[in-house]
>>> print(open('my_file.txt').read())   # compact mmCIF, C-alpha atoms
# COMPACT_ATOMS: atom_id res chain seq x y z
CA PRO A 532 0.00 0.00 0.00
CA TYR A 533 1.04 3.60 -0.59
CA ASP A 534 -0.31 7.12 -0.30
CA ARG A 535 1.81 8.48 -3.14
CA LEU A 536 4.03 6.61 -5.58
CA ILE A 537 6.84 7.83 -7.82
CA ILE A 538 7.85 5.76 -10.82
CA ALA A 539 11.45 6.54 -11.77
CA THR A 540 12.47 3.59 -13.91
CA GLY A 541 14.75 5.43 -16.35
CA GLY A 542 15.49 4.14 -19.80
CA ARG A 543 17.72 1.93 -21.90
CA VAL A 544 19.79 2.84 -24.92
CA ARG A 545 17.91 3.07 -28.21
CA ARG A 546 19.59 0.67 -30.63
CA LEU A 547 19.66 0.58 -34.41
CA ASP A 548 19.56 -2.64 -36.37
CA LEU A 549 22.83 -2.98 -38.30
CA PRO A 550 22.91 -6.65 -39.31
CA ASN A 551 25.68 -6.16 -41.88
CA VAL A 552 28.21 -4.66 -39.47
CA ALA A 553 30.21 -6.55 -36.85
CA PRO A 554 29.13 -5.64 -33.31
CA ASP A 555 32.69 -4.60 -32.40
CA LYS A 556 32.44 -1.80 -35.01
CA ILE A 557 29.34 -0.28 -33.37
CA SER A 558 29.31 1.65 -30.11
CA TYR A 559 26.72 3.08 -27.77
CA LEU A 560 27.46 5.21 -24.71
CA ARG A 561 25.47 4.18 -21.68
CA SER A 562 28.02 2.60 -19.34
CA ILE A 563 31.68 2.71 -18.35
CA GLU A 564 32.18 -0.49 -20.35
CA ASP A 565 30.78 1.28 -23.42
CA SER A 566 33.25 4.14 -22.88
CA VAL A 567 36.21 1.76 -22.57
CA LYS A 568 35.18 -0.07 -25.75
CA LEU A 569 34.87 3.19 -27.67
CA GLN A 570 38.19 4.48 -26.34
CA LYS A 571 39.95 1.43 -27.77
CA MET A 572 38.42 2.12 -31.19
CA LEU A 573 39.36 5.81 -31.34
CA VAL A 574 42.87 5.65 -32.71
CA PRO A 575 44.41 8.58 -34.62
CA GLY A 576 43.44 8.58 -38.29
CA CYS A 577 40.42 6.32 -38.04
CA LYS A 578 37.06 7.52 -39.33
CA LEU A 579 34.06 7.66 -37.01
CA LEU A 580 30.43 8.19 -37.94
CA VAL A 581 28.32 9.59 -35.12
CA ILE A 582 24.59 9.06 -35.61
CA GLY A 583 22.73 11.61 -33.50
CA GLY A 584 23.41 15.27 -32.79
CA GLY A 585 22.38 15.34 -29.14
CA TRP A 586 24.63 15.67 -26.10
CA ILE A 587 26.03 12.13 -26.30
CA GLY A 588 26.86 12.42 -30.01
CA LEU A 589 28.46 15.85 -29.58
CA GLU A 590 30.57 14.80 -26.61
CA ALA A 591 31.75 11.69 -28.45
CA ALA A 592 32.58 13.75 -31.56
CA ALA A 593 34.55 16.29 -29.50
CA THR A 594 36.50 13.57 -27.70
CA ALA A 595 37.24 11.77 -30.96
CA ARG A 596 38.58 14.96 -32.56
CA GLN A 597 40.88 15.48 -29.56
CA LEU A 598 42.26 12.03 -30.36
CA ASP A 599 42.84 13.00 -34.03
CA VAL A 600 39.97 10.86 -35.29
CA GLU A 601 38.08 12.01 -38.40
CA VAL A 602 34.42 12.55 -37.48
CA ALA A 603 31.24 12.84 -39.53
CA LEU A 604 28.06 13.45 -37.54
CA VAL A 605 24.54 13.08 -38.94
CA GLU A 606 21.44 14.55 -37.33
CA THR A 607 17.94 14.28 -38.78
CA ALA A 608 16.77 17.53 -37.16
CA ASP A 609 17.56 20.94 -38.58
CA ARG A 610 19.78 21.80 -35.61
CA LEU A 611 21.91 20.17 -32.92
CA CYS A 612 20.36 19.29 -29.55
CA ALA A 613 17.01 20.48 -30.94
CA ARG A 614 14.93 18.95 -28.13
CA ALA A 615 17.07 20.32 -25.31
CA ALA A 616 18.76 23.52 -26.45
CA SER A 617 17.70 26.93 -27.70
CA PRO A 618 18.30 27.75 -31.37
CA GLN A 619 21.10 30.11 -30.27
CA LEU A 620 22.87 27.37 -28.31
CA SER A 621 22.39 24.94 -31.22
CA ALA A 622 24.02 27.45 -33.59
CA TYR A 623 26.90 27.96 -31.17
CA LEU A 624 27.45 24.18 -30.89
CA LEU A 625 27.39 23.83 -34.68
CA GLY A 626 30.03 26.55 -35.04
CA LEU A 627 32.19 25.12 -32.27
CA HIS A 628 32.19 21.63 -33.74
CA GLY A 629 32.86 23.07 -37.19
CA GLN A 630 35.91 24.89 -35.83
CA HIS A 631 37.19 21.53 -34.60
CA GLU A 632 36.64 19.95 -38.02
CA VAL A 633 33.65 17.77 -37.16
CA ASP A 634 31.77 17.23 -40.42
CA VAL A 635 28.21 17.94 -39.21
CA ARG A 636 25.34 17.10 -41.57
CA LEU A 637 21.97 18.39 -40.41
CA ARG A 638 18.65 17.24 -41.89
CA THR A 639 20.45 14.03 -42.79
CA GLY A 640 19.72 10.57 -41.54
CA PHE A 641 21.21 7.14 -41.66
CA VAL A 642 19.82 4.56 -44.09
CA SER A 643 22.16 1.55 -43.99
CA ALA A 644 25.65 0.28 -43.35
CA GLU A 645 27.57 -2.68 -44.71
CA GLN A 646 30.95 -3.90 -43.60
CA THR A 647 33.51 -4.31 -46.37
CA SER A 648 37.14 -5.38 -46.41
CA GLU A 649 38.13 -1.68 -46.22
CA GLY A 650 35.76 -0.65 -43.41
CA ILE A 651 32.08 0.25 -43.30
CA ASP A 652 30.15 1.63 -46.26
CA VAL A 653 27.37 3.90 -44.98
CA VAL A 654 24.42 5.25 -46.98
CA LEU A 655 22.73 8.48 -45.81
CA THR A 656 19.21 9.72 -46.52
CA ASN A 657 20.54 12.24 -49.05
CA GLY A 658 22.03 9.35 -51.08
CA GLU A 659 25.58 10.14 -50.04
CA ARG A 660 27.95 7.32 -49.13
CA LEU A 661 30.60 7.50 -46.41
CA ALA A 662 33.49 5.14 -45.73
CA VAL A 663 34.08 4.83 -41.98
CA ASP A 664 35.85 2.52 -39.56
CA HIS A 665 33.48 2.73 -36.63
CA ILE A 666 29.92 3.90 -35.84
CA LEU A 667 28.76 5.50 -32.61
CA ILE A 668 24.99 5.59 -32.16
CA GLY A 669 23.56 8.25 -29.89
CA VAL A 670 19.88 8.43 -30.77
CA GLY A 671 18.36 8.59 -27.32
CA LEU A 672 16.74 6.23 -24.89
CA VAL A 673 13.79 3.89 -24.88
CA PRO A 674 11.85 4.69 -21.70
CA ASN A 675 11.40 1.84 -19.25
CA SER A 676 7.65 2.39 -19.05
CA GLU A 677 6.55 -1.26 -18.80
CA LEU A 678 5.63 -0.91 -15.10
CA ALA A 679 3.47 2.14 -15.85
CA GLU A 680 1.80 0.34 -18.75
CA ALA A 681 1.08 -2.68 -16.55
CA ALA A 682 -0.46 -0.31 -13.98
CA GLY A 683 -2.78 1.07 -16.67
CA LEU A 684 -1.17 4.51 -16.80
CA LYS A 685 -1.16 6.54 -20.01
CA THR A 686 2.13 6.23 -21.92
CA ASP A 687 3.40 7.71 -25.16
CA ASN A 688 7.14 7.06 -25.65
CA GLY A 689 7.35 7.31 -21.85
CA ILE A 690 4.94 7.98 -19.02
CA VAL A 691 2.59 10.87 -19.78
CA THR A 692 2.63 13.44 -16.96
CA SER A 693 1.58 16.96 -16.16
CA PRO A 694 4.32 19.60 -15.80
CA GLU A 695 4.30 18.70 -12.09
CA GLY A 696 5.00 15.02 -12.81
CA GLU A 697 1.49 13.77 -12.04
CA THR A 698 0.24 10.85 -14.13
CA ASP A 699 -3.41 10.18 -14.95
CA ASP A 700 -3.62 8.53 -11.51
CA PRO A 701 -3.48 11.43 -9.00
CA ASP A 702 -1.52 9.31 -6.53
CA ILE A 703 1.22 8.29 -8.98
CA PHE A 704 3.97 10.59 -10.20
CA ALA A 705 6.73 9.96 -12.68
>>> encode(input="my_file.txt", output="structure tokens")
Amino acid sequence: PYDRLIIATGGRVRRLDLPNVAPDKISYLRSIEDSVKLQKMLVPGCKLLVIGGGWIGLEAAATARQLDVEVALVETADRLCARAASPQLSAYLLGLHGQHEVDVRLRTGFVSAEQTSEGIDVVLTNGERLAVDHILIGVGLVPNSELAEAAGLKTDNGIVTSPEGETDDPDIFA
């Protein structure tokens, strides 16, 4: 029994299906183990594709450039960190990453990737092809909303709440 309940179940990394690429050529950043794996891949001169222009993608791109890794970053939105940053901050981030030679491609998505003997052949939504050595995917989280769904709460890519965190059950917050 409870008077008030808070559901704070977090999320898990959103994954992309890349059946034609070896798992050791694909990275996500959610844990220390993920960071260690990526660090081993980021050797000077290699080519990294970052899918996602949010905070994770931008931090990974910046770190890779510090390690003398070539970086292309694709973001489907028309600006970086569009869901979390003002247009002014997005423009600043775009300029900053451009100064550090990150090849940012806005309004561009990922279509497919296939591993070849030379690396990974990537096809983008604009038809362009990139040759890269490694892919980092930073396209957000999948909310762990199964408990809320089982409790009959309204969900829509997460638990639906008021600005105060109240769900459609007045005694449950998220």
>>> closest_residue(input="my_file.txt", among="A:Gly669, A:Pro694, A:Gly658, A:Gly683", to="A:Ala592", atoms="only C-alpha atoms")
A:Gly669
>>> atom_distance(input="my_file.txt", atom1="atom CA of A:Leu573", atom2="atom CA of A:Tyr623")
25.4 Å
>>> axis_aligned_box(input="my_file.txt", around="stretch 696-700 of chain A", padding_each_side="8 Å", output="JSON")
{"center_x": 0.7, "center_y": 11.8, "center_z": -13.2, "size_x": 24.6, "size_y": 22.5, "size_z": 19.4}
>>> closest_residue(input="my_file.txt", among="A:Ala616, A:Leu624, A:Ile703, A:Ile690", to="A:Pro674", atoms="all atoms listed in the file")
A:Ile690
>>> closest_residue(input="my_file.txt", among="A:Val605, A:Ala539, A:Ala593, A:Leu620", to="A:Glu632", atoms="only C-alpha atoms")
A:Ala593
>>> build_atoms(input="my_file.txt", residues="stretch 565-591 of chain A", atoms="N, CA, C and O atoms", output="CSV table (one decimal), keeping the file's coordinate frame")
chain,number,residue,atom,x,y,z
A,565,ASP,N,31.0,0.7,-22.1
A,565,ASP,CA,30.8,1.3,-23.4
A,565,ASP,C,31.9,2.3,-23.7
A,565,ASP,O,32.4,2.4,-24.8
A,566,SER,N,32.2,3.1,-22.7
A,566,SER,CA,33.2,4.1,-22.9
A,566,SER,C,34.6,3.5,-23.1
A,566,SER,O,35.4,4.0,-24.0
A,567,VAL,N,34.9,2.5,-22.4
A,567,VAL,CA,36.2,1.8,-22.6
A,567,VAL,C,36.3,1.1,-24.0
A,567,VAL,O,37.3,1.3,-24.6
A,568,LYS,N,35.2,0.5,-24.4
A,568,LYS,CA,35.2,-0.1,-25.8
A,568,LYS,C,35.4,1.0,-26.8
A,568,LYS,O,36.2,0.8,-27.7
A,569,LEU,N,34.7,2.1,-26.7
A,569,LEU,CA,34.9,3.2,-27.7
A,569,LEU,C,36.3,3.8,-27.6
A,569,LEU,O,36.9,4.0,-28.7
A,570,GLN,N,36.8,3.9,-26.5
A,570,GLN,CA,38.2,4.5,-26.3
A,570,GLN,C,39.2,3.6,-27.1
A,570,GLN,O,40.1,4.2,-27.8
A,571,LYS,N,39.0,2.3,-27.1
A,571,LYS,CA,40.0,1.4,-27.8
A,571,LYS,C,39.8,1.6,-29.3
A,571,LYS,O,40.8,1.3,-30.0
A,572,MET,N,38.6,2.0,-29.8
A,572,MET,CA,38.4,2.1,-31.2
A,572,MET,C,38.9,3.5,-31.7
A,572,MET,O,39.2,3.6,-32.9
A,573,LEU,N,39.0,4.5,-30.9
A,573,LEU,CA,39.4,5.8,-31.3
A,573,LEU,C,40.9,6.0,-31.4
A,573,LEU,O,41.5,6.6,-30.6
A,574,VAL,N,41.4,5.5,-32.5
A,574,VAL,CA,42.9,5.6,-32.7
A,574,VAL,C,43.1,6.7,-33.8
A,574,VAL,O,42.3,6.9,-34.7
A,575,PRO,N,44.2,7.5,-33.7
A,575,PRO,CA,44.4,8.6,-34.6
A,575,PRO,C,44.3,8.1,-36.1
A,575,PRO,O,44.8,7.0,-36.4
A,576,GLY,N,43.6,8.9,-36.9
A,576,GLY,CA,43.4,8.6,-38.3
A,576,GLY,C,42.2,7.7,-38.7
A,576,GLY,O,41.9,7.7,-39.8
A,577,CYS,N,41.6,7.1,-37.7
A,577,CYS,CA,40.4,6.3,-38.0
A,577,CYS,C,39.3,7.3,-38.3
A,577,CYS,O,39.3,8.5,-38.0
A,578,LYS,N,38.2,6.7,-39.0
A,578,LYS,CA,37.1,7.5,-39.3
A,578,LYS,C,35.8,7.0,-38.5
A,578,LYS,O,35.5,5.8,-38.6
A,579,LEU,N,35.2,8.0,-37.9
A,579,LEU,CA,34.1,7.7,-37.0
A,579,LEU,C,32.8,8.3,-37.6
A,579,LEU,O,32.9,9.5,-37.9
A,580,LEU,N,31.7,7.6,-37.6
A,580,LEU,CA,30.4,8.2,-37.9
A,580,LEU,C,29.7,8.2,-36.6
A,580,LEU,O,29.5,7.2,-36.0
A,581,VAL,N,29.2,9.4,-36.3
A,581,VAL,CA,28.3,9.6,-35.1
A,581,VAL,C,26.9,9.8,-35.6
A,581,VAL,O,26.7,10.7,-36.4
A,582,ILE,N,26.0,8.9,-35.2
A,582,ILE,CA,24.6,9.1,-35.6
A,582,ILE,C,23.9,9.7,-34.4
A,582,ILE,O,23.7,9.0,-33.4
A,583,GLY,N,23.4,10.9,-34.6
A,583,GLY,CA,22.7,11.6,-33.5
A,583,GLY,C,23.5,12.9,-33.1
A,583,GLY,O,24.6,12.8,-32.7
A,584,GLY,N,22.8,14.0,-33.2
A,584,GLY,CA,23.4,15.3,-32.8
A,584,GLY,C,22.9,15.8,-31.5
A,584,GLY,O,22.7,17.0,-31.3
A,585,GLY,N,22.7,14.9,-30.5
A,585,GLY,CA,22.4,15.3,-29.1
A,585,GLY,C,23.6,15.4,-28.3
A,585,GLY,O,24.8,15.4,-28.8
A,586,TRP,N,23.5,15.5,-27.0
A,586,TRP,CA,24.6,15.7,-26.1
A,586,TRP,C,25.6,14.5,-26.2
A,586,TRP,O,26.8,14.7,-26.2
A,587,ILE,N,25.1,13.3,-26.2
A,587,ILE,CA,26.0,12.1,-26.3
A,587,ILE,C,26.8,12.2,-27.6
A,587,ILE,O,28.1,12.0,-27.6
A,588,GLY,N,26.2,12.4,-28.7
A,588,GLY,CA,26.9,12.4,-30.0
A,588,GLY,C,27.9,13.5,-30.1
A,588,GLY,O,29.0,13.4,-30.6
A,589,LEU,N,27.5,14.7,-29.5
A,589,LEU,CA,28.5,15.8,-29.6
A,589,LEU,C,29.7,15.6,-28.7
A,589,LEU,O,30.8,16.0,-29.1
A,590,GLU,N,29.4,15.1,-27.5
A,590,GLU,CA,30.6,14.8,-26.6
A,590,GLU,C,31.5,13.8,-27.2
A,590,GLU,O,32.7,13.9,-27.2
A,591,ALA,N,30.9,12.7,-27.8
A,591,ALA,CA,31.8,11.7,-28.4
A,591,ALA,C,32.5,12.3,-29.6
A,591,ALA,O,33.7,12.0,-29.8
